[in-house]
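As stored in run07.txt (compact mmCIF, C-alpha atoms):
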```
# COMPACT_ATOMS: atom_id res chain seq x y z
CA PRO R 1 0.00 0.00 0.00
CA LEU R 2 2.84 2.45 0.74
CA MET R 3 4.45 1.76 -2.62
CA GLU R 4 1.11 2.17 -4.39
CA GLN R 5 0.50 5.50 -2.61
CA LEU R 6 3.99 6.73 -3.49
CA THR R 7 3.67 5.75 -7.15
CA SER R 8 0.24 7.42 -7.33
CA ARG R 9 1.71 10.67 -6.04
CA LEU R 10 4.62 10.49 -8.46
CA LEU R 11 2.23 9.89 -11.37
CA GLU R 12 0.17 12.88 -10.32
CA ALA R 13 3.32 14.98 -10.03
CA LEU R 14 4.35 13.97 -13.56
CA ARG R 15 0.92 14.90 -14.92
CA GLN R 16 0.99 18.28 -13.15
CA THR R 17 4.52 18.97 -14.43
CA GLN R 18 3.48 18.14 -17.98
CA THR R 19 0.40 20.39 -17.69
CA MET R 20 2.51 23.26 -16.33
CA LEU R 21 5.03 22.90 -19.16
CA LYS R 22 2.23 22.98 -21.74
CA GLN R 23 0.91 26.20 -20.25
CA LEU R 24 4.33 27.86 -20.08
CA TRP R 25 5.58 26.60 -23.45
CA PRO R 26 2.79 25.60 -25.85
CA GLY R 27 5.34 23.94 -28.11
CA THR R 28 5.84 21.19 -25.53
CA ARG R 29 2.50 19.67 -26.59
CA ARG R 30 4.37 17.98 -29.39
CA LEU R 31 6.72 16.47 -26.84
CA ALA R 32 3.97 14.89 -24.75
CA LEU R 33 4.88 11.36 -23.76
CA HIS R 34 2.57 8.44 -24.32
CA PRO R 35 1.01 7.20 -21.05
CA HIS R 36 2.76 3.84 -21.45
CA ILE R 37 6.14 5.59 -21.78
CA ARG R 38 5.43 7.66 -18.66
CA THR R 39 4.53 4.48 -16.80
CA ALA R 40 7.71 2.74 -17.94
CA LEU R 41 9.86 5.72 -16.90
CA LEU R 42 8.17 5.82 -13.51
CA ALA R 43 8.74 2.08 -13.07
CA LEU R 44 12.44 2.57 -13.81
CA MET R 45 12.58 5.44 -11.32
CA MET R 46 10.88 3.41 -8.61
CA GLY R 47 13.00 0.37 -9.39
CA THR R 48 16.14 2.49 -9.12
CA LEU R 49 14.90 3.87 -5.80
CA ALA R 50 14.31 0.33 -4.56
CA MET R 51 17.82 -0.58 -5.71
CA THR R 52 19.35 2.23 -3.66
CA MET R 53 17.37 1.12 -0.61
CA VAL R 54 18.88 -2.39 -0.63
CA MET R 55 22.34 -1.89 -2.17
CA GLY R 56 24.24 -0.12 0.59
CA PRO R 57 25.22 -0.71 4.22
CA ARG R 58 22.23 1.40 5.33
CA ALA R 59 18.98 2.40 3.69
CA GLY R 60 19.41 5.20 1.18
CA PRO R 61 22.66 6.52 -0.34
CA TRP R 62 22.03 9.92 1.22
CA ASN R 63 22.92 8.34 4.60
CA TRP R 64 26.23 6.84 3.49
CA THR R 65 29.62 8.14 4.44
CA ALA R 66 32.24 8.61 1.72
CA GLU R 67 33.91 5.35 2.77
CA GLU R 68 30.61 3.44 2.64
CA GLN R 69 29.83 4.85 -0.79
CA GLU R 70 33.22 3.82 -2.14
CA GLN R 71 32.87 0.32 -0.72
CA THR R 72 29.36 -0.07 -2.13
CA LEU R 73 30.20 0.97 -5.66
CA GLU R 74 33.56 -0.78 -5.87
CA ARG R 75 32.67 -4.08 -4.27
CA ILE R 76 30.52 -6.86 -5.72
CA PRO R 77 27.33 -7.21 -3.63
CA GLY R 78 26.90 -10.31 -1.51
CA TYR R 79 29.33 -12.74 0.03
CA PHE R 80 32.13 -14.81 -1.48
CA ASN R 81 31.18 -18.30 -2.60
CA ASP R 82 31.88 -20.69 -5.46
CA ASP R 83 28.80 -19.67 -7.48
CA GLY R 84 29.71 -16.00 -7.39
CA ALA R 85 33.37 -16.61 -8.22
CA GLN R 86 32.51 -18.90 -11.10
CA GLY R 87 29.95 -16.37 -12.36
CA VAL R 88 32.60 -13.65 -12.56
CA TYR R 89 34.87 -15.93 -14.56
CA LEU R 90 32.10 -17.03 -16.96
CA HIS R 91 31.14 -13.41 -17.62
CA TRP R 92 34.77 -12.50 -18.25
CA GLN R 93 35.35 -15.31 -20.74
CA PHE R 94 32.05 -14.47 -22.48
CA HIS R 95 33.30 -10.90 -22.98
CA GLN R 96 36.69 -12.14 -24.17
CA ALA R 97 35.14 -14.50 -26.71
CA LEU R 98 32.83 -11.71 -27.89
CA GLN R 99 35.78 -9.39 -28.50
CA GLU R 100 37.67 -12.11 -30.39
CA GLY R 101 34.70 -12.93 -32.62
CA ASN R 102 34.40 -16.45 -31.20
CA ILE R 103 30.92 -17.54 -32.30
CA THR R 104 30.66 -20.09 -29.49
CA LEU R 105 31.11 -17.24 -26.98
CA ARG R 106 33.01 -19.67 -24.73
CA ASP R 107 36.69 -20.52 -24.32
CA THR R 108 36.75 -24.32 -24.44
CA ASN R 109 40.44 -24.37 -23.50
CA GLN R 110 39.56 -23.14 -20.02
CA LEU R 111 37.32 -26.09 -19.12
CA HIS R 112 38.25 -29.50 -17.78
CA PRO R 113 38.77 -31.70 -19.64
CA ILE R 114 40.29 -29.43 -22.30
CA GLY R 115 37.91 -28.83 -25.18
CA THR R 116 34.68 -29.39 -23.24
CA PRO R 117 31.97 -27.20 -24.87
CA ARG R 118 30.15 -25.47 -22.04
CA PRO R 119 26.89 -24.71 -23.93
CA GLN R 120 26.21 -28.45 -23.97
CA LEU R 121 26.49 -28.45 -20.18
CA ASP R 122 24.50 -25.38 -19.19
CA GLY R 123 22.12 -25.04 -22.16
CA GLY R 124 23.59 -21.71 -23.22
CA ASN R 125 22.16 -19.45 -20.50
CA ARG R 126 23.67 -16.18 -21.70
CA LEU R 127 21.07 -13.46 -21.27
CA GLU R 128 22.61 -12.35 -17.97
CA MET R 129 25.94 -11.72 -19.70
CA LEU R 130 24.57 -9.22 -22.21
CA LEU R 131 24.04 -6.66 -19.46
CA SER R 132 27.52 -7.22 -18.04
CA SER R 133 28.95 -6.78 -21.55
CA MET R 134 27.37 -3.32 -21.74
CA MET R 135 28.46 -2.42 -18.21
CA ARG R 136 32.05 -3.35 -19.04
CA LEU R 137 32.06 -0.69 -21.77
CA PHE R 138 31.57 2.03 -19.14
CA PHE R 139 33.09 0.72 -15.90
CA GLU R 140 36.32 -0.88 -14.74
CA TRP R 141 36.59 -4.01 -12.65
CA PRO R 142 34.87 -4.69 -10.30
CA SER R 143 32.36 -1.87 -10.83
CA TRP R 144 31.01 -3.41 -14.05
CA MET R 145 30.04 -6.55 -12.15
CA THR R 146 28.62 -4.50 -9.28
CA TRP R 147 26.23 -2.66 -11.60
CA THR R 148 25.40 -5.88 -13.45
CA VAL R 149 24.06 -7.24 -10.17
CA LEU R 150 22.31 -4.11 -8.93
CA LEU R 151 20.59 -3.13 -12.18
CA ARG R 152 18.62 -6.40 -12.08
CA ILE R 153 16.23 -4.68 -9.66
CA PRO R 154 15.00 -1.83 -11.92
CA ILE R 155 15.10 -4.13 -14.98
CA ASN R 156 12.94 -6.78 -13.28
CA THR R 157 10.61 -4.04 -12.03
CA LEU R 158 10.12 -2.77 -15.56
CA ALA R 159 9.64 -6.29 -16.97
CA PHE R 160 6.75 -6.91 -14.58
CA LEU R 161 4.69 -3.99 -15.93
CA PRO R 162 2.78 -5.86 -18.71
CA LEU R 163 1.64 -8.55 -16.27
CA GLY R 164 0.80 -6.03 -13.55
CA LEU R 165 -1.25 -3.85 -15.91
CA ARG R 166 -3.16 -6.89 -17.17
CA ILE R 167 -3.97 -8.02 -13.64
CA TRP R 168 -4.90 -4.72 -12.00
CA GLU R 169 -5.48 -2.45 -15.02
CA ARG R 170 -3.95 0.41 -13.01
CA ARG R 171 -0.42 1.74 -13.04
CA SER R 172 0.17 2.25 -9.33
CA PRO R 173 -0.46 -1.32 -8.15
CA ALA R 174 1.32 -2.67 -11.24
CA ILE R 175 4.51 -0.76 -10.38
CA ALA R 176 4.20 -1.58 -6.67
CA ALA R 177 3.88 -5.28 -7.51
CA GLY R 178 6.85 -5.01 -9.87
CA ILE R 179 9.02 -3.63 -7.08
CA THR R 180 7.86 -6.42 -4.77
CA TRP R 181 8.73 -8.94 -7.49
CA ALA R 182 12.21 -7.44 -7.93
CA ILE R 183 13.21 -7.23 -4.24
CA MET R 184 11.60 -10.36 -2.82
CA PRO R 185 13.90 -11.64 -0.05
CA ALA R 186 14.51 -14.90 -1.93
CA VAL R 187 15.62 -12.90 -4.99
CA ILE R 188 17.98 -10.76 -2.90
CA GLU R 189 19.41 -13.97 -1.40
CA GLN R 190 20.20 -15.26 -4.90
CA MET R 191 21.81 -11.93 -5.80
CA ALA R 192 23.93 -12.06 -2.65
CA ALA R 193 25.06 -15.56 -3.59
CA GLY R 194 26.15 -14.37 -7.04
CA ARG R 195 23.57 -16.52 -8.84
CA LEU R 196 22.71 -14.05 -11.57
CA THR R 197 21.19 -16.76 -13.75
CA GLN R 198 18.43 -17.24 -11.16
CA VAL R 199 17.91 -13.46 -10.95
CA CYS R 200 17.56 -13.10 -14.74
CA MET R 201 13.74 -13.11 -14.58
CA VAL R 202 12.77 -10.58 -17.24
CA GLY R 203 11.04 -13.15 -19.44
CA ILE R 204 8.81 -14.76 -16.80
CA PRO R 205 6.24 -11.94 -16.30
CA LEU R 206 6.21 -11.21 -20.04
CA ALA R 207 5.46 -14.86 -20.81
CA LEU R 208 2.77 -15.06 -18.13
CA ALA R 209 1.12 -11.84 -19.35
CA GLY R 210 1.10 -13.17 -22.90
CA ILE R 211 -0.24 -16.60 -21.94
CA LEU R 212 -2.94 -14.99 -19.81
CA GLY R 213 -3.99 -12.83 -22.75
CA VAL R 214 -3.92 -15.80 -25.12
CA VAL R 215 -6.26 -17.96 -23.05
CA GLU R 216 -8.63 -15.08 -22.28
CA GLU R 217 -8.78 -13.17 -25.57
CA GLY R 218 -6.31 -14.61 -28.08
CA ARG R 219 -5.18 -11.30 -29.55
CA LYS R 220 -2.22 -11.17 -31.90
CA ARG R 221 -0.07 -9.06 -29.60
CA ASP R 222 -0.69 -11.53 -26.75
CA ILE R 223 0.55 -14.36 -28.97
CA TRP R 224 3.75 -12.46 -29.71
CA MET R 225 4.27 -11.52 -26.06
CA ALA R 226 3.79 -15.13 -24.93
CA GLY R 227 6.17 -16.46 -27.58
CA LEU R 228 8.92 -13.90 -27.11
CA GLY R 229 8.49 -13.94 -23.32
CA MET R 230 9.04 -17.69 -23.25
CA ALA R 231 12.08 -17.29 -25.49
CA LEU R 232 13.58 -14.66 -23.16
CA THR R 233 12.85 -16.92 -20.20
CA ALA R 234 14.64 -19.80 -21.92
CA PHE R 235 17.64 -17.63 -22.80
CA GLY R 236 17.86 -16.53 -19.18
CA TYR R 237 17.38 -19.89 -17.44
CA TRP R 238 16.05 -23.05 -19.09
CA PHE R 239 14.53 -24.34 -15.86
CA TYR R 240 12.36 -21.22 -15.55
CA ALA R 241 11.02 -21.85 -19.05
CA LEU R 242 10.18 -25.45 -18.15
CA PHE R 243 8.37 -24.35 -15.00
CA VAL R 244 6.33 -21.73 -16.90
CA LEU R 245 5.47 -24.40 -19.46
CA ALA R 246 4.33 -26.70 -16.65
CA LEU R 247 1.90 -23.97 -15.48
CA CYS R 248 0.18 -23.75 -18.88
CA PRO R 249 -2.53 -26.35 -18.07
CA LEU R 250 -3.70 -24.15 -15.20
CA PHE R 251 -3.97 -21.18 -17.56
CA ILE R 252 -5.89 -23.30 -20.08
CA LEU R 253 -8.41 -24.30 -17.36
CA HIS R 254 -8.70 -20.63 -16.42
CA GLY R 255 -9.32 -19.70 -20.06
CA LEU R 256 -12.10 -22.29 -20.35
CA HIS R 257 -13.70 -20.91 -17.20
CA ARG R 258 -13.48 -17.30 -18.45
CA ARG R 259 -15.09 -18.32 -21.74
CA GLY R 260 -18.15 -19.66 -19.94
CA VAL R 261 -17.54 -23.39 -20.24
CA SER R 262 -19.97 -25.07 -17.84
CA SER R 263 -20.06 -28.64 -19.15
CA PHE R 264 -17.71 -31.15 -20.76
CA ARG R 265 -19.63 -30.90 -24.03
CA GLN R 266 -18.51 -27.28 -24.44
CA VAL R 267 -14.83 -28.04 -23.82
CA PRO R 268 -13.84 -29.05 -27.40
CA ASP R 269 -15.40 -25.93 -28.97
CA GLN R 270 -13.59 -23.56 -26.60
CA LEU R 271 -10.39 -25.56 -26.18
CA THR R 272 -9.58 -25.61 -29.90
CA PRO R 273 -9.06 -21.83 -30.35
CA ILE R 274 -7.03 -21.67 -27.12
CA PHE R 275 -4.85 -24.56 -28.26
CA LEU R 276 -4.30 -23.07 -31.72
CA THR R 277 -3.23 -19.69 -30.35
CA LEU R 278 -0.85 -21.38 -27.90
CA VAL R 279 0.62 -23.35 -30.81
CA LYS R 280 1.27 -20.06 -32.63
CA ALA R 281 3.02 -18.68 -29.55
CA ALA R 282 5.05 -21.88 -29.27
CA GLY R 283 6.08 -21.47 -32.90
CA ILE R 284 7.43 -17.99 -32.17
CA THR R 285 9.36 -19.36 -29.19
CA PHE R 286 10.74 -22.22 -31.24
CA ALA R 287 11.87 -19.90 -34.04
CA ALA R 288 13.60 -17.62 -31.51
CA VAL R 289 15.48 -20.37 -29.67
CA LEU R 290 16.20 -22.54 -32.71
CA PRO R 291 19.68 -21.07 -33.44
CA LEU R 292 20.76 -21.64 -29.84
CA ALA R 293 19.20 -25.12 -29.78
CA ILE R 294 21.10 -26.08 -32.94
CA HIS R 295 24.30 -24.79 -31.40
CA VAL R 296 23.73 -26.74 -28.17
CA PHE R 297 22.76 -30.01 -29.82
CA TRP R 298 25.11 -29.73 -32.82
CA PRO R 299 27.41 -32.55 -31.66
CA LYS R 300 24.44 -34.92 -31.44
CA LEU R 301 23.01 -33.77 -34.76
CA THR R 302 26.30 -34.40 -36.54
CA GLY R 303 26.78 -37.90 -35.15
CA GLY R 304 29.07 -36.93 -32.31
CA LYS R 305 28.64 -37.30 -28.57
CA MET R 306 27.24 -34.84 -26.09
CA PRO R 307 29.53 -34.18 -23.13
CA LEU R 308 28.59 -35.95 -19.95
CA PRO R 309 27.40 -33.91 -16.94
CA GLN R 310 30.12 -32.75 -14.59
CA MET R 311 28.40 -34.67 -11.79
CA ASP R 312 27.63 -38.38 -11.75
CA VAL R 313 23.86 -38.59 -12.12
CA ALA R 314 23.81 -41.97 -10.36
CA HIS R 315 25.15 -40.35 -7.20
CA MET R 316 23.09 -37.18 -7.31
CA PRO R 317 20.53 -36.79 -4.50
CA MET R 318 16.86 -36.97 -5.36
CA GLN R 319 16.42 -33.45 -3.98
CA PHE R 320 18.24 -30.22 -4.80
CA ALA R 321 20.74 -29.12 -2.20
CA ASP R 322 18.87 -25.82 -1.86
CA ALA R 323 15.36 -27.24 -2.22
CA LEU R 324 12.59 -25.73 -0.13
CA GLN R 325 12.14 -27.25 3.33
CA LEU R 326 8.73 -26.67 4.89
CA GLN R 327 10.16 -27.57 8.29
CA GLY R 328 13.63 -27.40 9.72
CA GLU R 329 16.48 -25.10 8.73
CA GLN R 330 16.53 -23.54 5.28
CA THR R 331 19.66 -23.25 3.19
CA ARG R 332 20.88 -19.70 2.72
CA GLY R 333 19.52 -19.41 -0.83
CA THR R 334 15.94 -20.25 0.18
CA GLN R 335 15.64 -18.33 3.43
CA HIS R 336 12.76 -15.87 3.78
CA TRP R 337 10.90 -17.43 0.82
CA LEU R 338 7.54 -16.33 2.28
CA PRO R 339 7.77 -13.00 4.15
CA TRP R 340 5.05 -12.48 6.76
CA ILE R 341 4.09 -9.13 5.24
CA ILE R 342 2.94 -10.91 2.06
CA ILE R 343 0.53 -13.27 3.83
CA PRO R 344 -2.19 -10.60 4.49
CA GLY R 345 -2.03 -9.64 0.82
CA MET R 346 -2.46 -13.25 -0.21
CA VAL R 347 -5.48 -13.64 2.07
CA PHE R 348 -7.04 -10.44 0.75
CA SER R 349 -6.41 -11.57 -2.85
CA LEU R 350 -8.16 -14.87 -2.21
CA TRP R 351 -11.11 -12.91 -0.83
CA LYS R 352 -11.43 -10.02 -3.29
CA GLY R 353 -8.85 -10.60 -6.03
CA LYS R 354 -9.45 -11.31 -9.69
CA ARG R 355 -8.50 -14.73 -11.08
CA ARG R 356 -7.88 -15.92 -7.52
CA LEU R 357 -8.26 -19.62 -8.33
CA LEU R 358 -5.63 -19.33 -11.07
CA TRP R 359 -3.11 -17.60 -8.82
CA LEU R 360 -3.79 -20.01 -5.96
CA GLY R 361 -3.13 -22.94 -8.29
CA CYS R 362 0.07 -21.34 -9.62
CA ALA R 363 1.29 -20.60 -6.08
CA LEU R 364 0.73 -24.18 -4.92
CA ALA R 365 2.38 -25.55 -8.09
CA CYS R 366 5.44 -23.31 -7.60
CA VAL R 367 5.80 -24.46 -3.99
CA ALA R 368 5.66 -28.05 -5.25
CA PHE R 369 8.37 -27.25 -7.82
CA ALA R 370 10.56 -25.77 -5.09
CA LEU R 371 10.23 -28.87 -2.92
CA GLY R 372 11.92 -31.12 -5.51
CA PRO R 373 12.83 -33.80 -6.28
CA ALA R 374 15.37 -32.75 -8.88
```

Any chance you could put this one into structure tokens?
Amino acid sequence: PLMEQLTSRLLEALRQTQTMLKQLWPGTRRLALHPHIRTALLALMMGTLAMTMVMGPRAGPWNWTAEEQEQTLERIPGYFNDDGAQGVYLHWQFHQALQEGNITLRDTNQLHPIGTPRPQLDGGNRLEMLLSSMMRLFFEWPSWMTWTVLLRIPINTLAFLPLGLRIWERRSPAIAAGITWAIMPAVIEQMAAGRLTQVCMVGIPLALAGILGVVEEGRKRDIWMAGLGMALTAFGYWFYALFVLALCPLFILHGLHRRGVSSFRQVPDQLTPIFLTLVKAAGITFAAVLPLAIHVFWPKLTGGKMPLPQMDVAHMPMQFADALQLQGEQTRGTQHWLPWIIIPGMVFSLWKGKRRLLWLGCALACVAFALGPA
């Protein structure tokens, strides 16, 4: 509620400023921004504000001493661990391969055994490295990695806008929800651990907004948003794409309910258009990820062998090391997965919210995903 109130006031201030400029300088009418652009700019502003509230030793950069400011901007956020150290190295070799024109964007001579192609091991998750590539053009080490981590917050806030606007149809709650999505404690824990792949979530809300539009209305722009959103999700983290895909049956059931299906006899007539539009979206996703898929599976397609996993599957535990535990101690990466402050909002949503059965089903499914097994 506080975030929604603050965003409402900022929106009103932007409208008043624009009105004042039009009165003072009539020529500024031609420079009037589209409401969607104003909303996106406000989301970036609020996301940046949220970033400054969590990035330093104390809330707000205006409270920092000169020493604290220097440490914040010249030190990678979080704590040292293997994931973070490996992430720095993988980003560096991605940049190096990019500069050398290496189309694989990986240095196979740096992996053990020599010549192991990493895309066949990790599926080619490279979206996170595009941002660090741009940051390296403007900052020295380690500042480029620092900003790569921190800018995930405003970027994820902005990416949530299409889904938030579809759910609430108002800008203030959409931006407030986007900030909540970007600074969830579990997300901050992953950032602190240096797991930028898990924080690369820009495609998830875009895919969900598109899928929701497809099953409810089936408009062309929803098809494109669902397809490209799934592709972005896959480029960021393949597991996220698989989980979103696993949620699709719930969205299909929701679409049948919204279209007034009350008996099994009506299901085929309403299911067919939903299925066909989802197939179109899947085609867009497939076309977008096809080049990467060919690159990943090229050894198999040409009669060669795919590299074996770095871990022996026969000795892997049935459950992820950082899987969700509903009782007992949580691992560091999954602590604070359900903040108490969110529970009243969930209860209120189940009472008065739109599409509450859909979101309840998605929430329970996501908890089941987090529990494992792997």

Residue nearest Leu290 in chain R - candidates R:Leu324, R:Ala234, R:Leu247, R:Cys366, atoms counted: only C-alpha atoms: R:Ala234

Surrounding residues of Gln270 in chain R excluding itself and chain neighbours under 5 positions, 10 Å, all atoms listed in the file, as number ranges by chain: R: 215, 255-257, 259-261, 265, 275

For CA of Gln266 in chain R and CA of Val279 in chain R, the interatomic separation in Å (one decimal):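 Answer for the CA of Gln266 in chain R to CA of Val279 in chain R separation: 20.5 Å.
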
Minimum-distance residue to Ala241 in chain R, chosen among R:Ser132, R:Pro273, R:Lys220, R:Asn125 (using all atoms listed in the file):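 Among the listed residues, R:Asn125 lies closest to Ala241 in chain R.
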
Mind giving me the axis-aligned box for range 194-208 of chain R with 3 Å on every side, centre plus edges in Å to one decimal, as AutoDock Vina command-line options?
```
--center_x 14.5 --center_y -13.9 --center_z -13.9 --size_x 29.4 --size_y 12.7 --size_z 19.8
```

Expected residue set, 9 Å radius at (9.1, -9.0, 0.2), all atoms listed in the file, as a ChimeraX atom specification: /R:180-186,336-342

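You can rank R:Pro344, R:Gly194, R:Gly210, R:Pro291 by their closest distance to Asp82 in chain R using all atoms listed in the file, and at the top of that list sits R:Gly194.
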
Residue with smallest distance to Cys200 in chain R - pool R:Pro154, R:Pro173, R:Gly78, R:Gly213, counting only C-alpha atoms: R:Pro154

Residue nearest Gly345 in chain R - candidates R:Met134, R:Leu242, R:Leu276, R:Ala177, atoms counted: all atoms listed in the file: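 Closest to Gly345 in chain R, using all atoms listed in the file: R:Ala177.
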
Within-8 Å shell of (14.3, -6.9, -11.5) in input frame, all atoms listed in the file, as a short mmCIF file (atom, residue, chain, number, x, y, z; two decimals) with C-alpha atoms, keeping the file's coordinate frame:
```cif
data_model
loop_
_atom_site.label_atom_id
_atom_site.label_comp_id
_atom_site.auth_asym_id
_atom_site.auth_seq_id
_atom_site.Cartn_x
_atom_site.Cartn_y
_atom_site.Cartn_z
CA GLY R 47 13.00 0.37 -9.39
CA LEU R 151 20.59 -3.13 -12.18
CA ARG R 152 18.62 -6.40 -12.08
CA ILE R 153 16.23 -4.68 -9.66
CA PRO R 154 15.00 -1.83 -11.92
CA ILE R 155 15.10 -4.13 -14.98
CA ASN R 156 12.94 -6.78 -13.28
CA THR R 157 10.61 -4.04 -12.03
CA LEU R 158 10.12 -2.77 -15.56
CA ALA R 159 9.64 -6.29 -16.97
CA GLY R 178 6.85 -5.01 -9.87
CA ILE R 179 9.02 -3.63 -7.08
CA TRP R 181 8.73 -8.94 -7.49
CA ALA R 182 12.21 -7.44 -7.93
CA ILE R 183 13.21 -7.23 -4.24
CA VAL R 199 17.91 -13.46 -10.95
CA CYS R 200 17.56 -13.10 -14.74
CA MET R 201 13.74 -13.11 -14.58
CA VAL R 202 12.77 -10.58 -17.24
#
```

For Leu232 in chain R, the nearest of the candidates R:Glu68, R:Glu128, R:Asp322, R:Glu189, counting only C-alpha atoms: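 Of R:Glu68, R:Glu128, R:Asp322, R:Glu189, the one nearest Leu232 in chain R is R:Glu128, counting only C-alpha atoms.
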
Straight-line distance linking CA of Ser349 in chain R with CA of Ala323 in chain R, stated in Å to one decimal: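 Calculated distance between CA of Ser349 in chain R and CA of Ala323 in chain R is 26.8 Å.
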
Could you write range 275-281 of chain R of the block just shown to a file containing all heavy atoms, as an mmCIF file, in the first residue's frame?
```cif
data_model
loop_
_atom_site.group_PDB
_atom_site.id
_atom_site.type_symbol
_atom_site.label_atom_id
_atom_site.label_comp_id
_atom_site.auth_asym_id
_atom_site.auth_seq_id
_atom_site.Cartn_x
_atom_site.Cartn_y
_atom_site.Cartn_z
ATOM 1 N N PHE R 275 -5.983 -23.698 -27.885
ATOM 2 C CA PHE R 275 -4.854 -24.555 -28.263
ATOM 3 C C PHE R 275 -4.146 -24.017 -29.505
ATOM 4 O O PHE R 275 -2.910 -23.982 -29.564
ATOM 5 C CB PHE R 275 -5.356 -25.981 -28.501
ATOM 6 C CG PHE R 275 -4.271 -26.936 -28.902
ATOM 7 C CD1 PHE R 275 -3.373 -27.426 -27.976
ATOM 8 C CD2 PHE R 275 -4.130 -27.333 -30.234
ATOM 9 C CE1 PHE R 275 -2.364 -28.304 -28.345
ATOM 10 C CE2 PHE R 275 -3.130 -28.209 -30.610
ATOM 11 C CZ PHE R 275 -2.246 -28.695 -29.664
ATOM 12 N N LEU R 276 -4.916 -23.566 -30.487
ATOM 13 C CA LEU R 276 -4.304 -23.074 -31.723
ATOM 14 C C LEU R 276 -3.496 -21.813 -31.484
ATOM 15 O O LEU R 276 -2.404 -21.640 -32.060
ATOM 16 C CB LEU R 276 -5.397 -22.823 -32.772
ATOM 17 C CG LEU R 276 -6.099 -24.068 -33.332
ATOM 18 C CD1 LEU R 276 -7.196 -23.670 -34.305
ATOM 19 C CD2 LEU R 276 -5.089 -24.998 -34.008
ATOM 20 N N THR R 277 -3.990 -20.913 -30.640
ATOM 21 C CA THR R 277 -3.231 -19.689 -30.346
ATOM 22 C C THR R 277 -1.970 -20.006 -29.542
ATOM 23 O O THR R 277 -0.916 -19.378 -29.751
ATOM 24 C CB THR R 277 -4.102 -18.683 -29.582
ATOM 25 O OG1 THR R 277 -4.730 -19.333 -28.452
ATOM 26 C CG2 THR R 277 -5.185 -18.106 -30.480
ATOM 27 N N LEU R 278 -2.050 -20.983 -28.644
ATOM 28 C CA LEU R 278 -0.853 -21.378 -27.899
ATOM 29 C C LEU R 278 0.179 -22.022 -28.827
ATOM 30 O O LEU R 278 1.390 -21.847 -28.631
ATOM 31 C CB LEU R 278 -1.228 -22.343 -26.771
ATOM 32 C CG LEU R 278 -1.925 -21.729 -25.553
ATOM 33 C CD1 LEU R 278 -2.355 -22.820 -24.571
ATOM 34 C CD2 LEU R 278 -1.028 -20.709 -24.856
ATOM 35 N N VAL R 279 -0.296 -22.755 -29.824
ATOM 36 C CA VAL R 279 0.619 -23.350 -30.806
ATOM 37 C C VAL R 279 1.343 -22.250 -31.580
ATOM 38 O O VAL R 279 2.547 -22.353 -31.860
ATOM 39 C CB VAL R 279 -0.140 -24.294 -31.750
ATOM 40 C CG1 VAL R 279 0.724 -24.680 -32.940
ATOM 41 C CG2 VAL R 279 -0.587 -25.545 -31.009
ATOM 42 N N LYS R 280 0.633 -21.182 -31.939
ATOM 43 C CA LYS R 280 1.272 -20.060 -32.627
ATOM 44 C C LYS R 280 2.351 -19.427 -31.750
ATOM 45 O O LYS R 280 3.449 -19.097 -32.230
ATOM 46 C CB LYS R 280 0.224 -19.021 -33.020
ATOM 47 C CG LYS R 280 -0.774 -19.495 -34.067
ATOM 48 C CD LYS R 280 -1.801 -18.410 -34.354
ATOM 49 C CE LYS R 280 -2.836 -18.889 -35.375
ATOM 50 N NZ LYS R 280 -3.873 -17.852 -35.638
ATOM 51 N N ALA R 281 2.025 -19.237 -30.466
ATOM 52 C CA ALA R 281 3.021 -18.678 -29.550
ATOM 53 C C ALA R 281 4.220 -19.604 -29.414
ATOM 54 O O ALA R 281 5.372 -19.147 -29.381
ATOM 55 C CB ALA R 281 2.380 -18.436 -28.180
#
```
